[in-house]
>>> print(open('run_7.tsv').read())   # TSV, C-alpha atoms
chain	number	residue	atom	x	y	z
A	1	MET	CA	-72.73	214.80	85.80
A	2	ASP	CA	-72.33	215.71	89.45
A	3	SER	CA	-69.96	217.81	91.51
A	4	GLY	CA	-67.41	215.02	91.41
A	5	GLY	CA	-66.07	216.85	88.38
A	6	TRP	CA	-64.53	215.57	85.19
A	7	SER	CA	-63.11	212.39	86.71
A	8	ARG	CA	-66.61	210.97	87.09
A	9	ARG	CA	-67.49	211.94	83.52
A	10	ARG	CA	-64.40	210.11	82.33
A	11	PHE	CA	-64.51	206.98	84.42
A	12	VAL	CA	-68.22	206.24	84.65
A	13	GLY	CA	-68.69	203.21	82.45
A	14	ALA	CA	-64.99	202.62	81.88
A	15	LEU	CA	-64.52	201.09	85.32
A	16	ALA	CA	-68.01	199.68	85.81
A	17	GLY	CA	-68.60	198.05	82.48
A	18	GLY	CA	-66.94	194.71	83.11
A	19	ALA	CA	-64.12	193.29	81.05
A	20	ALA	CA	-63.36	195.33	77.98
A	21	ALA	CA	-62.90	193.87	74.55
A	22	ALA	CA	-59.45	192.97	73.36
A	23	ALA	CA	-57.52	195.86	71.85
A	24	LEU	CA	-57.20	196.16	68.11
A	25	PRO	CA	-53.82	195.20	66.66
A	26	ALA	CA	-51.16	197.90	66.86
A	27	CYS	CA	-50.43	200.19	63.95
A	28	ASP	CA	-47.19	198.41	63.18
A	29	ASP	CA	-49.05	195.09	62.94
A	30	THR	CA	-51.41	196.22	60.23
A	31	THR	CA	-51.62	198.97	57.67
A	32	ALA	CA	-53.34	202.27	58.34
A	33	PRO	CA	-56.02	203.28	55.85
A	34	THR	CA	-54.67	204.97	52.76
A	35	ASN	CA	-56.19	207.32	50.23
A	36	THR	CA	-59.35	208.09	52.16
A	37	PRO	CA	-61.93	208.80	49.47
A	38	ALA	CA	-63.04	212.35	48.82
A	39	PRO	CA	-66.74	213.11	49.11
A	40	GLU	CA	-68.66	212.65	45.90
A	41	PRO	CA	-70.21	215.81	44.41
A	42	GLU	CA	-73.96	216.10	44.76
A	43	ALA	CA	-75.88	215.64	41.53
A	44	SER	CA	-78.31	218.37	40.56
A	45	THR	CA	-81.23	215.91	40.43
A	46	SER	CA	-80.76	214.64	44.03
A	47	PRO	CA	-80.37	210.90	43.35
A	48	SER	CA	-81.47	208.31	45.89
A	49	ARG	CA	-79.15	207.45	48.76
A	50	GLU	CA	-78.69	203.98	47.29
A	51	ALA	CA	-77.31	205.56	44.12
A	52	ARG	CA	-75.00	207.82	46.12
A	53	ARG	CA	-73.74	205.03	48.38
A	54	PRO	CA	-70.08	204.25	47.55
A	55	SER	CA	-68.80	200.75	47.04
A	56	GLY	CA	-65.90	199.12	48.87
A	57	PRO	CA	-64.73	199.47	52.47
A	58	ARG	CA	-64.90	202.89	54.11
A	59	PRO	CA	-62.58	204.18	56.89
A	60	LEU	CA	-63.78	204.25	60.50
A	61	PHE	CA	-61.82	205.82	63.39
A	62	LEU	CA	-62.51	204.91	67.01
A	63	GLY	CA	-61.85	206.92	70.16
A	64	THR	CA	-61.14	205.40	73.56
A	65	TYR	CA	-59.43	205.93	76.91
A	66	THR	CA	-55.92	204.53	77.05
A	67	SER	CA	-55.29	205.09	80.77
A	68	VAL	CA	-58.14	203.01	82.20
A	69	GLU	CA	-58.30	199.27	82.77
A	70	GLY	CA	-59.43	197.53	79.60
A	71	GLY	CA	-58.98	200.65	77.52
A	72	GLY	CA	-57.48	200.96	74.06
A	73	LYS	CA	-53.91	201.56	72.92
A	74	GLY	CA	-54.62	204.64	70.84
A	75	ILE	CA	-56.95	205.61	67.99
A	76	GLY	CA	-58.67	202.50	66.69
A	77	LEU	CA	-58.64	201.87	62.93
A	78	ALA	CA	-61.34	199.97	61.12
A	79	THR	CA	-63.33	199.84	57.91
A	80	TYR	CA	-67.05	199.36	57.36
A	81	ASP	CA	-69.19	198.14	54.50
A	82	ALA	CA	-71.51	200.97	53.47
A	83	ALA	CA	-74.20	198.50	52.35
A	84	THR	CA	-74.24	196.07	55.27
A	85	GLY	CA	-72.70	198.16	58.06
A	86	ARG	CA	-70.27	195.38	58.93
A	87	ILE	CA	-67.11	196.67	60.68
A	88	THR	CA	-63.64	195.13	60.32
A	89	GLY	CA	-60.76	196.13	62.58
A	90	THR	CA	-57.52	197.06	60.80
A	91	GLY	CA	-55.17	198.44	63.45
A	92	THR	CA	-54.39	201.17	65.96
A	93	ILE	CA	-52.57	204.48	65.77
A	94	THR	CA	-50.50	204.51	68.93
A	95	GLY	CA	-48.82	207.46	70.59
A	96	VAL	CA	-52.04	209.36	71.38
A	97	GLY	CA	-53.18	209.38	75.01
A	98	ASP	CA	-56.87	209.13	75.92
A	99	PRO	CA	-58.21	210.13	72.47
A	100	SER	CA	-61.84	210.31	73.61
A	101	TYR	CA	-63.10	212.54	70.78
A	102	LEU	CA	-62.04	212.80	67.13
A	103	ALA	CA	-62.58	215.26	64.27
A	104	LEU	CA	-61.43	215.38	60.65
A	105	HIS	CA	-60.02	218.36	58.76
A	106	PRO	CA	-62.20	219.48	55.82
A	107	ASP	CA	-59.50	218.38	53.36
A	108	ARG	CA	-59.67	214.87	54.94
A	109	ARG	CA	-55.88	214.63	55.25
A	110	THR	CA	-55.58	215.20	59.00
A	111	LEU	CA	-57.34	213.73	62.02
A	112	TYR	CA	-57.47	215.53	65.36
A	113	ALA	CA	-57.92	213.99	68.80
A	114	VAL	CA	-58.32	215.36	72.29
A	115	ASP	CA	-55.95	214.02	74.96
A	116	GLU	CA	-58.46	213.91	77.81
A	117	ARG	CA	-56.11	214.21	80.77
A	118	ASP	CA	-55.41	216.61	83.65
A	119	ASP	CA	-52.79	218.27	81.47
A	120	GLY	CA	-55.02	218.55	78.42
A	121	ALA	CA	-53.78	218.52	74.85
A	122	VAL	CA	-54.90	218.13	71.25
A	123	THR	CA	-53.05	215.94	68.77
A	124	ALA	CA	-52.86	215.94	64.97
A	125	VAL	CA	-52.51	212.63	63.10
A	126	ARG	CA	-52.09	211.84	59.42
A	127	PRO	CA	-54.48	208.94	58.70
A	128	ALA	CA	-52.83	207.91	55.43
A	129	ASP	CA	-49.77	206.50	57.22
A	130	GLY	CA	-50.66	206.83	60.92
A	131	LYS	CA	-47.99	209.46	61.56
A	132	VAL	CA	-48.53	211.58	64.67
A	133	LEU	CA	-47.84	215.21	63.69
A	134	GLY	CA	-47.53	216.46	67.25
A	135	SER	CA	-49.56	217.69	70.24
A	136	ARG	CA	-50.29	221.10	71.73
A	137	SER	CA	-51.50	222.02	75.21
A	138	THR	CA	-55.10	223.19	75.48
A	139	GLY	CA	-54.26	225.20	78.58
A	140	GLY	CA	-56.90	223.34	80.57
A	141	ALA	CA	-57.94	220.01	82.04
A	142	ALA	CA	-59.76	217.12	80.40
A	143	PRO	CA	-60.57	218.37	76.90
A	144	CYS	CA	-63.53	216.28	75.77
A	145	HIS	CA	-64.59	217.81	72.44
A	146	LEU	CA	-62.99	219.49	69.45
A	147	SER	CA	-63.99	220.70	66.01
A	148	VAL	CA	-62.32	222.24	62.98
A	149	HIS	CA	-63.52	225.69	61.91
A	150	PRO	CA	-65.00	225.40	58.38
A	151	GLY	CA	-62.16	227.39	56.83
A	152	GLY	CA	-59.72	224.70	57.97
A	153	ARG	CA	-57.30	227.14	59.65
A	154	TRP	CA	-58.37	226.83	63.30
A	155	LEU	CA	-58.97	223.99	65.73
A	156	LEU	CA	-61.43	224.63	68.57
A	157	SER	CA	-61.44	222.51	71.75
A	158	ALA	CA	-63.48	222.39	74.97
A	159	ASN	CA	-61.79	221.73	78.34
A	160	TYR	CA	-64.36	219.99	80.50
A	161	GLY	CA	-62.31	219.93	83.68
A	162	SER	CA	-61.50	223.65	83.75
A	163	GLY	CA	-64.48	225.03	81.82
A	164	SER	CA	-62.59	226.75	79.01
A	165	VAL	CA	-62.36	226.91	75.23
A	166	ALA	CA	-59.04	226.89	73.34
A	167	VAL	CA	-58.07	227.89	69.80
A	168	HIS	CA	-55.08	226.50	67.87
A	169	PRO	CA	-53.88	227.41	64.37
A	170	ILE	CA	-53.60	224.70	61.72
A	171	ASP	CA	-50.76	224.97	59.23
A	172	ALA	CA	-50.68	223.79	55.61
A	173	SER	CA	-49.48	220.33	56.63
A	174	GLY	CA	-52.36	219.89	59.08
A	175	ALA	CA	-50.09	220.23	62.12
A	176	LEU	CA	-51.07	222.46	65.03
A	177	GLY	CA	-49.38	225.66	66.16
A	178	GLU	CA	-49.23	227.16	69.64
A	179	ARG	CA	-52.55	228.13	71.19
A	180	THR	CA	-53.80	231.59	70.17
A	181	ASP	CA	-56.59	231.94	72.72
A	182	LEU	CA	-58.06	230.43	75.87
A	183	VAL	CA	-61.42	231.66	77.19
A	184	ARG	CA	-62.64	230.44	80.60
A	185	HIS	CA	-66.31	230.50	81.52
A	186	THR	CA	-66.24	232.63	84.67
A	187	SER	CA	-69.88	233.75	84.60
A	188	PRO	CA	-72.63	232.96	85.28
A	189	PRO	CA	-71.89	231.00	88.47
A	190	PRO	CA	-72.12	227.19	88.42
A	191	GLY	CA	-75.56	225.62	88.39
A	192	PRO	CA	-77.07	223.41	91.10
A	193	GLY	CA	-74.79	220.55	92.11
A	194	GLN	CA	-71.84	221.90	90.12
A	195	GLU	CA	-68.54	223.12	91.55
A	196	GLY	CA	-67.43	225.01	88.46
A	197	PRO	CA	-67.76	225.42	84.70
A	198	HIS	CA	-67.54	222.32	82.48
A	199	ALA	CA	-67.21	223.15	78.78
A	200	HIS	CA	-68.53	220.09	76.97
A	201	GLN	CA	-68.67	221.10	73.30
A	202	VAL	CA	-67.50	223.81	70.92
A	203	VAL	CA	-68.86	224.09	67.36
A	204	THR	CA	-69.25	226.61	64.56
A	205	SER	CA	-72.73	227.69	63.49
A	206	PRO	CA	-73.86	226.50	60.02
A	207	ASP	CA	-73.54	230.02	58.61
A	208	GLY	CA	-69.91	230.14	59.81
A	209	GLY	CA	-70.44	233.42	61.62
A	210	HIS	CA	-70.25	232.30	65.23
A	211	VAL	CA	-68.63	229.76	67.54
A	212	LEU	CA	-70.87	228.22	70.20
A	213	ALA	CA	-69.67	226.57	73.41
A	214	VAL	CA	-71.96	224.42	75.56
A	215	ASP	CA	-71.12	224.42	79.27
A	216	LEU	CA	-72.70	221.77	81.50
A	217	GLY	CA	-71.44	223.37	84.73
A	218	THR	CA	-72.93	226.84	84.19
A	219	ASP	CA	-76.10	225.72	82.35
A	220	THR	CA	-75.15	228.07	79.52
A	221	VAL	CA	-74.55	228.17	75.77
A	222	TYR	CA	-71.94	230.84	74.98
A	223	THR	CA	-71.72	232.53	71.57
A	224	TYR	CA	-68.39	233.91	70.31
A	225	ARG	CA	-67.05	235.59	67.21
A	226	LEU	CA	-63.78	234.16	65.94
A	227	ASP	CA	-61.19	236.59	64.58
A	228	GLU	CA	-59.97	234.46	61.68
A	229	LYS	CA	-56.71	236.41	61.41
A	230	ALA	CA	-55.69	236.42	65.07
A	231	GLY	CA	-57.41	233.24	66.21
A	232	THR	CA	-59.12	234.93	69.16
A	233	LEU	CA	-62.65	234.66	70.53
A	234	THR	CA	-64.93	237.51	71.60
A	235	GLU	CA	-68.08	236.70	73.54
A	236	VAL	CA	-71.26	238.19	72.04
A	237	ALA	CA	-74.10	236.36	73.82
A	238	GLN	CA	-75.12	233.88	76.49
A	239	ALA	CA	-78.16	231.60	76.58
A	240	ARG	CA	-79.21	230.04	79.88
A	241	THR	CA	-80.99	226.72	80.22
A	242	ARG	CA	-83.20	226.07	83.20
A	243	PRO	CA	-81.10	225.64	86.39
A	244	GLY	CA	-79.62	222.17	86.74
A	245	ALA	CA	-80.30	221.08	83.16
A	246	GLY	CA	-76.63	220.30	82.52
A	247	PRO	CA	-76.47	221.01	78.75
A	248	ARG	CA	-74.04	218.73	76.94
A	249	HIS	CA	-74.31	218.86	73.12
A	250	LEU	CA	-75.97	221.18	70.59
A	251	THR	CA	-76.85	219.98	67.08
A	252	PHE	CA	-78.17	222.26	64.34
A	253	HIS	CA	-81.06	221.53	62.01
A	254	PRO	CA	-79.95	221.68	58.33
A	255	GLY	CA	-81.99	224.87	57.89
A	256	GLY	CA	-79.71	226.66	60.33
A	257	ARG	CA	-82.45	228.49	62.27
A	258	TYR	CA	-82.95	225.88	64.99
A	259	ALA	CA	-80.78	223.56	67.04
A	260	TYR	CA	-81.38	220.77	69.55
A	261	LEU	CA	-79.77	220.71	72.97
A	262	ALA	CA	-79.20	217.46	74.89
A	263	ASN	CA	-79.40	218.13	78.64
A	264	GLU	CA	-77.41	215.50	80.48
A	265	VAL	CA	-78.37	216.17	84.10
A	266	ASP	CA	-82.15	216.59	83.95
A	267	ASP	CA	-82.79	214.01	81.20
A	268	THR	CA	-84.33	216.37	78.65
A	269	VAL	CA	-83.86	217.80	75.17
A	270	ALA	CA	-84.71	221.36	74.15
A	271	VAL	CA	-85.36	223.07	70.81
A	272	CYS	CA	-83.32	226.27	70.48
A	273	SER	CA	-83.70	229.10	68.00
A	274	TYR	CA	-80.59	230.70	66.51
A	275	ASP	CA	-80.34	234.26	65.16
A	276	LYS	CA	-77.75	234.43	62.41
A	277	ALA	CA	-77.17	238.18	62.68
A	278	SER	CA	-76.50	238.38	66.41
A	279	GLY	CA	-75.49	234.80	67.13
A	280	ARG	CA	-78.01	234.72	69.95
A	281	VAL	CA	-79.43	231.35	70.98
A	282	THR	CA	-82.81	231.11	72.70
A	283	VAL	CA	-83.43	227.89	74.62
A	284	GLY	CA	-86.97	226.50	74.42
A	285	GLU	CA	-88.89	224.38	76.88
A	286	ALA	CA	-87.43	221.10	78.10
A	287	GLN	CA	-88.92	218.03	76.41
A	288	SER	CA	-89.09	214.34	77.29
A	289	THR	CA	-86.56	211.80	76.09
A	290	GLY	CA	-89.17	209.03	76.25
A	291	THR	CA	-87.02	207.00	78.64
A	292	GLY	CA	-89.34	207.03	81.65
A	293	SER	CA	-88.16	207.31	85.24
A	294	GLY	CA	-84.54	206.97	86.25
A	295	THR	CA	-81.43	208.67	84.93
A	296	SER	CA	-80.72	208.33	81.23
A	297	TYR	CA	-77.84	210.83	80.79
A	298	PRO	CA	-78.78	212.12	77.31
A	299	ALA	CA	-75.56	212.39	75.31
A	300	GLN	CA	-76.01	213.69	71.80
A	301	VAL	CA	-78.58	214.53	69.11
A	302	LEU	CA	-78.25	213.74	65.39
A	303	VAL	CA	-80.48	215.19	62.66
A	304	THR	CA	-80.97	213.61	59.25
A	305	ALA	CA	-79.73	215.57	56.25
A	306	ASN	CA	-83.28	216.04	55.00
A	307	GLY	CA	-84.17	217.61	58.37
A	308	ARG	CA	-87.12	215.28	59.00
A	309	TYR	CA	-85.89	213.11	61.89
A	310	ALA	CA	-83.69	213.45	64.96
A	311	TYR	CA	-82.12	210.86	67.25
A	312	LEU	CA	-80.99	211.17	70.85
A	313	ALA	CA	-78.53	208.79	72.55
A	314	ASN	CA	-79.58	207.86	76.10
A	315	ARG	CA	-76.76	206.31	78.11
A	316	GLY	CA	-78.58	205.20	81.26
A	317	HIS	CA	-81.55	203.85	79.28
A	318	ASN	CA	-79.27	202.34	76.62
A	319	SER	CA	-81.52	203.52	73.83
A	320	LEU	CA	-81.92	205.87	70.90
A	321	THR	CA	-84.95	208.17	70.96
A	322	ARG	CA	-86.47	208.94	67.56
A	323	TYR	CA	-88.19	212.28	66.97
A	324	ALA	CA	-90.10	213.66	64.01
A	325	VAL	CA	-88.86	217.17	63.19
A	326	GLU	CA	-91.73	219.49	62.38
A	327	ALA	CA	-92.44	223.14	61.55
A	328	ASP	CA	-89.22	223.53	59.54
A	329	GLY	CA	-87.17	222.51	62.57
A	330	ALA	CA	-89.01	224.44	65.28
A	331	ARG	CA	-90.65	221.40	66.86
A	332	LEU	CA	-89.69	217.87	67.93
A	333	ARG	CA	-92.36	215.17	68.23
A	334	LEU	CA	-91.35	212.05	70.15
A	335	LEU	CA	-91.96	208.88	68.16
A	336	ASP	CA	-90.30	205.99	70.00
A	337	THR	CA	-87.14	204.62	71.60
A	338	VAL	CA	-85.01	201.81	70.18
A	339	PRO	CA	-82.60	199.62	72.22
A	340	VAL	CA	-79.06	200.56	71.25
A	341	GLY	CA	-77.77	197.01	71.62
A	342	GLY	CA	-74.92	198.06	73.90
A	343	ASP	CA	-74.24	199.66	77.25
A	344	PHE	CA	-73.85	203.44	77.72
A	345	PRO	CA	-73.98	204.95	74.19
A	346	ARG	CA	-71.53	207.80	74.66
A	347	GLN	CA	-71.55	209.16	71.09
A	348	ILE	CA	-73.44	208.59	67.82
A	349	ALA	CA	-72.59	209.46	64.21
A	350	PHE	CA	-74.03	209.08	60.72
A	351	SER	CA	-72.13	207.71	57.76
A	352	PRO	CA	-71.55	210.49	55.17
A	353	GLU	CA	-74.58	209.39	53.13
A	354	GLY	CA	-76.77	209.15	56.23
A	355	THR	CA	-77.70	205.54	55.53
A	356	LEU	CA	-76.00	204.19	58.67
A	357	LEU	CA	-75.92	205.31	62.30
A	358	PHE	CA	-72.99	204.27	64.53
A	359	ALA	CA	-73.20	204.16	68.34
A	360	ALA	CA	-70.05	203.98	70.50
A	361	ASN	CA	-71.01	202.12	73.68
A	362	GLN	CA	-68.57	202.87	76.49
A	363	LYS	CA	-69.48	200.27	79.14
A	364	SER	CA	-69.93	197.31	76.80
A	365	SER	CA	-66.85	198.22	74.73
A	366	THR	CA	-68.79	197.85	71.50
A	367	VAL	CA	-69.89	199.78	68.43
A	368	THR	CA	-73.38	199.05	67.15
A	369	VAL	CA	-74.60	200.02	63.69
A	370	PHE	CA	-78.12	200.75	62.42
A	371	HIS	CA	-79.61	201.16	58.97
A	372	VAL	CA	-81.54	204.45	58.73
A	373	ASP	CA	-84.77	204.41	56.72
A	374	GLU	CA	-84.90	207.66	54.74
A	375	ALA	CA	-88.67	207.56	54.34
A	376	ASN	CA	-89.77	207.12	57.96
A	377	GLY	CA	-86.59	207.47	60.02
A	378	GLU	CA	-86.85	203.99	61.46
A	379	LEU	CA	-83.67	202.30	62.72
A	380	ARG	CA	-82.81	198.67	62.02
A	381	ARG	CA	-79.83	196.87	63.51
A	382	ALA	CA	-77.07	196.08	61.01
A	383	GLY	CA	-75.65	192.77	62.22
A	384	GLU	CA	-73.57	192.03	65.29
A	385	SER	CA	-71.82	194.57	67.49
A	386	PHE	CA	-68.15	195.29	66.85
A	387	PRO	CA	-65.81	194.90	69.87
A	388	SER	CA	-63.82	198.09	70.55
A	389	PRO	CA	-62.16	198.73	73.93
A	390	VAL	CA	-63.98	201.40	75.99
A	391	ALA	CA	-65.61	202.79	72.83
A	392	VAL	CA	-66.38	206.48	73.38
A	393	CYS	CA	-66.27	207.87	69.81
A	394	ALA	CA	-66.91	206.53	66.30
A	395	LEU	CA	-66.02	208.62	63.25
A	396	PRO	CA	-67.10	207.02	59.94
A	397	LEU	CA	-65.89	208.49	56.63
>>> encode(input="run_7.tsv", output="structure tokens")
Amino acid sequence: MDSGGWSRRRFVGALAGGAAAAALPACDDTTAPTNTPAPEPEASTSPSREARRPSGPRPLFLGTYTSVEGGGKGIGLATYDAATGRITGTGTITGVGDPSYLALHPDRRTLYAVDERDDGAVTAVRPADGKVLGSRSTGGAAPCHLSVHPGGRWLLSANYGSGSVAVHPIDASGALGERTDLVRHTSPPPGPGQEGPHAHQVVTSPDGGHVLAVDLGTDTVYTYRLDEKAGTLTEVAQARTRPGAGPRHLTFHPGGRYAYLANEVDDTVAVCSYDKASGRVTVGEAQSTGTGSGTSYPAQVLVTANGRYAYLANRGHNSLTRYAVEADGARLRLLDTVPVGGDFPRQIAFSPEGTLLFAANQKSSTVTVFHVDEANGELRRAGESFPSPVAVCALPL
């Protein structure tokens, strides 16, 4: 985004997208999902995805902004059919402000949401009964991304507005403790057109050894080591993109040696190498998104579990770019772009089996669903769009 700061990131689309869809019924009007199913163990013979696909409705959680016109009332609750992709609204968990990004604890009993406001916070929710377990300050402004460390003991969050990364402990009940660390990105200086750092994502590497933070404002990917006893971060490396790229989200290939970086400002994607021992990321050359001229605001990359295909959400172009992944993850080859069927796809997510792809479309207040062909990576629309007010995140289980 531009030097207008986090407010533009938050409100673009929300205020310009026309009338939003009607809000889902409140939590006290309908029942929250119960007994979310545990993941099925993988069979040693690697059965087909059809055989692994569960039957019955699956839970779907939806993020939104609650403080904008036409926004939601909290975390949207829905279910989806794993065979058809059809979504059915079931309610709303209220009491969470501006839950624009969501993440689930590894034990599947607790859901976490950012509260993307000037006085940023993270909130823990129990999906089984919709109970809000409490919120904790992130120590920064406009947190826009969060993730749970694989061990399940620490919650990591990125403050976009103030360019910092926070760490919170998670207790046995799933509730959050007081913040144990806050690291602000003070160097390098902001990139072209930026007034300061803008931390946009914080994730753990597949090997579990490092925490990586992507900062759009400084054109940098920071690598940290997490002290799993104290909950503190120590910086060990920095990787610069080309000036003005505006990196937004990093997604690892299943092999763990490569990752793909969506650059929001200059409309590109880059293949990055990752060194497990040092945590060092090396950013490769910028590549086309296949969206032509104009601004497409690349948002996020997904990679199939078999590591053969990757998809990039393009908000300005309202499309999904499909890439073939080659050379064991070291190369992306552009195949085509597919209309997303909505306006401003802010976030995309696979179903657990990888058979469906969900796109949360902020301006059109819709969620669109696609069937994913395992053999060739082609996407096929799965029915009509689902209305969801100012849809900015979809989390299917």
>>> closest_residue(input="run_7.tsv", among="A:Thr220, A:Thr92, A:Thr289, A:Gln362", to="Arg333 in chain A", atoms="only C-alpha atoms")
A:Thr289
>>> residues_around(input="run_7.tsv", residues="Gly120 in chain A", least_positions_apart="4", cutoff="8 Å", atoms="all atoms listed in the file", output="ChimeraX atom specification")
/A:114-116,137-143,159
>>> write_last_selection(input="run_7.tsv", atoms="C-alpha atoms", output="CSV table (one decimal), keeping the file's coordinate frame")
chain,number,residue,atom,x,y,z
A,114,VAL,CA,-58.3,215.4,72.3
A,115,ASP,CA,-56.0,214.0,75.0
A,116,GLU,CA,-58.5,213.9,77.8
A,137,SER,CA,-51.5,222.0,75.2
A,138,THR,CA,-55.1,223.2,75.5
A,139,GLY,CA,-54.3,225.2,78.6
A,140,GLY,CA,-56.9,223.3,80.6
A,141,ALA,CA,-57.9,220.0,82.0
A,142,ALA,CA,-59.8,217.1,80.4
A,143,PRO,CA,-60.6,218.4,76.9
A,159,ASN,CA,-61.8,221.7,78.3
>>> residues_near_point(input="run_7.tsv", point="(-83.7, 205.4, 78.8)", cutoff="6 Å", atoms="all atoms listed in the file", output="PyMOL selection string")
chain A and resi 291+296+314+316-319
>>> closest_residue(input="run_7.tsv", among="A:Ser351, A:Thr88, A:Gln238, A:Ser135", to="Phe386 in chain A", atoms="only C-alpha atoms")
A:Thr88
>>> closest_atom_pairs(input="run_7.tsv", of="range 308-349 of chain A", to="range 365-369 of chain A", cutoff="9 Å", atoms="only C-alpha atoms", output="tab-separated table")
residue	atom	partner	partner_atom	distance
A:Val340	CA	A:Thr368	CA	7.2
A:Gly341	CA	A:Thr368	CA	6.6
A:Gly342	CA	A:Thr366	CA	6.6
A:Asp343	CA	A:Ser365	CA	7.9
A:Pro345	CA	A:Val367	CA	8.8
>>> atom_distance(input="run_7.tsv", atom1="CA of Val96 in chain A", atom2="CA of Thr110 in chain A")
14.1 Å
>>> residues_around(input="run_7.tsv", residues="Gly72 in chain A", least_positions_apart="4", cutoff="7 Å", atoms="only C-alpha atoms", output="list in words")
Ala23, Thr64, Tyr65, Thr66, Pro389 and Val390 of chain A
>>> closest_residue(input="run_7.tsv", among="A:Leu156, A:Tyr222, A:Pro59, A:Arg86", to="Arg108 in chain A", atoms="all atoms listed in the file")
A:Pro59
>>> residues_near_point(input="run_7.tsv", point="(-57.3, 201.0, 66.0)", cutoff="6 Å", atoms="only C-alpha atoms", output="list in words")
Leu24, Ile75, Gly76, Leu77, Gly91, Thr92 and Ile93 of chain A
>>> closest_residue(input="run_7.tsv", among="A:Arg184, A:Arg58, A:Glu326, A:Thr251", to="Thr84 in chain A", atoms="only C-alpha atoms")
A:Arg58
>>> atom_distance(input="run_7.tsv", atom1="CA of Thr186 in chain A", atom2="CA of Cys272 in chain A")
23.1 Å
>>> atom_distance(input="run_7.tsv", atom1="CA of Leu60 in chain A", atom2="CA of Ala299 in chain A")
20.6 Å
>>> residues_around(input="run_7.tsv", residues="Asp171 in chain A", least_positions_apart="2", cutoff="12 Å", atoms="all atoms listed in the file", output="PyMOL selection string")
chain A and resi 105+110+124+133+151-155+168-169+173-178
>>> closest_residue(input="run_7.tsv", among="A:Arg109, A:His371, A:Arg179, A:His198", to="Thr218 in chain A", atoms="all atoms listed in the file")
A:His198
>>> residues_around(input="run_7.tsv", residues="Val392 in chain A", least_positions_apart="6", cutoff="10 Å", atoms="all atoms listed in the file", output="list of chain:residue names")
A:Arg10, A:Gly13, A:Ala14, A:Leu62, A:Gly63, A:Thr64, A:Tyr65, A:Pro99, A:Ser100, A:Tyr101, A:Leu102, A:Phe344, A:Pro345, A:Arg346, A:Gln347, A:Ile348, A:Ala359, A:Ala360, A:Asn361, A:Gln362, A:Lys363, A:Ser365, A:Thr366, A:Val367
>>> closest_residue(input="run_7.tsv", among="A:Leu111, A:Leu379, A:Gly354, A:Val165", to="Asp129 in chain A", atoms="all atoms listed in the file")
A:Leu111
>>> decode(input="run_7.tsv", residues="range 84-95 of chain A", atoms="N, CA and C atoms", output="mmCIF file, in the first residue's frame")
data_model
loop_
_atom_site.group_PDB
_atom_site.id
_atom_site.type_symbol
_atom_site.label_atom_id
_atom_site.label_comp_id
_atom_site.auth_asym_id
_atom_site.auth_seq_id
_atom_site.Cartn_x
_atom_site.Cartn_y
_atom_site.Cartn_z
ATOM 1 N N THR A 84 -19.300 -30.679 -2.383
ATOM 2 C CA THR A 84 -19.822 -29.678 -3.315
ATOM 3 C C THR A 84 -19.236 -28.288 -3.115
ATOM 4 N N GLY A 85 -18.704 -28.010 -1.917
ATOM 5 C CA GLY A 85 -18.210 -26.683 -1.599
ATOM 6 C C GLY A 85 -19.285 -25.712 -1.168
ATOM 7 N N ARG A 86 -20.505 -26.141 -1.063
ATOM 8 C CA ARG A 86 -21.604 -25.245 -0.699
ATOM 9 C C ARG A 86 -21.478 -24.811 0.755
ATOM 10 N N ILE A 87 -21.599 -23.481 0.994
ATOM 11 C CA ILE A 87 -21.467 -22.906 2.330
ATOM 12 C C ILE A 87 -22.848 -22.571 2.887
ATOM 13 N N THR A 88 -23.028 -22.838 4.186
ATOM 14 C CA THR A 88 -24.269 -22.492 4.881
ATOM 15 C C THR A 88 -23.917 -21.706 6.136
ATOM 16 N N GLY A 89 -24.475 -20.510 6.271
ATOM 17 C CA GLY A 89 -24.229 -19.700 7.457
ATOM 18 C C GLY A 89 -24.920 -20.272 8.679
ATOM 19 N N THR A 90 -24.252 -20.232 9.832
ATOM 20 C CA THR A 90 -24.834 -20.778 11.060
ATOM 21 C C THR A 90 -24.839 -19.797 12.226
ATOM 22 N N GLY A 91 -24.177 -18.653 12.118
ATOM 23 C CA GLY A 91 -24.203 -17.726 13.242
ATOM 24 C C GLY A 91 -23.018 -16.786 13.259
ATOM 25 N N THR A 92 -22.834 -16.130 14.388
ATOM 26 C CA THR A 92 -21.740 -15.178 14.580
ATOM 27 C C THR A 92 -21.279 -15.239 16.027
ATOM 28 N N ILE A 93 -19.987 -15.228 16.242
ATOM 29 C CA ILE A 93 -19.435 -15.063 17.584
ATOM 30 C C ILE A 93 -19.202 -13.569 17.788
ATOM 31 N N THR A 94 -19.984 -12.962 18.631
ATOM 32 C CA THR A 94 -19.872 -11.535 18.874
ATOM 33 C C THR A 94 -18.857 -11.270 19.990
ATOM 34 N N GLY A 95 -18.576 -9.999 20.201
ATOM 35 C CA GLY A 95 -17.650 -9.636 21.269
ATOM 36 C C GLY A 95 -16.200 -9.605 20.844
#
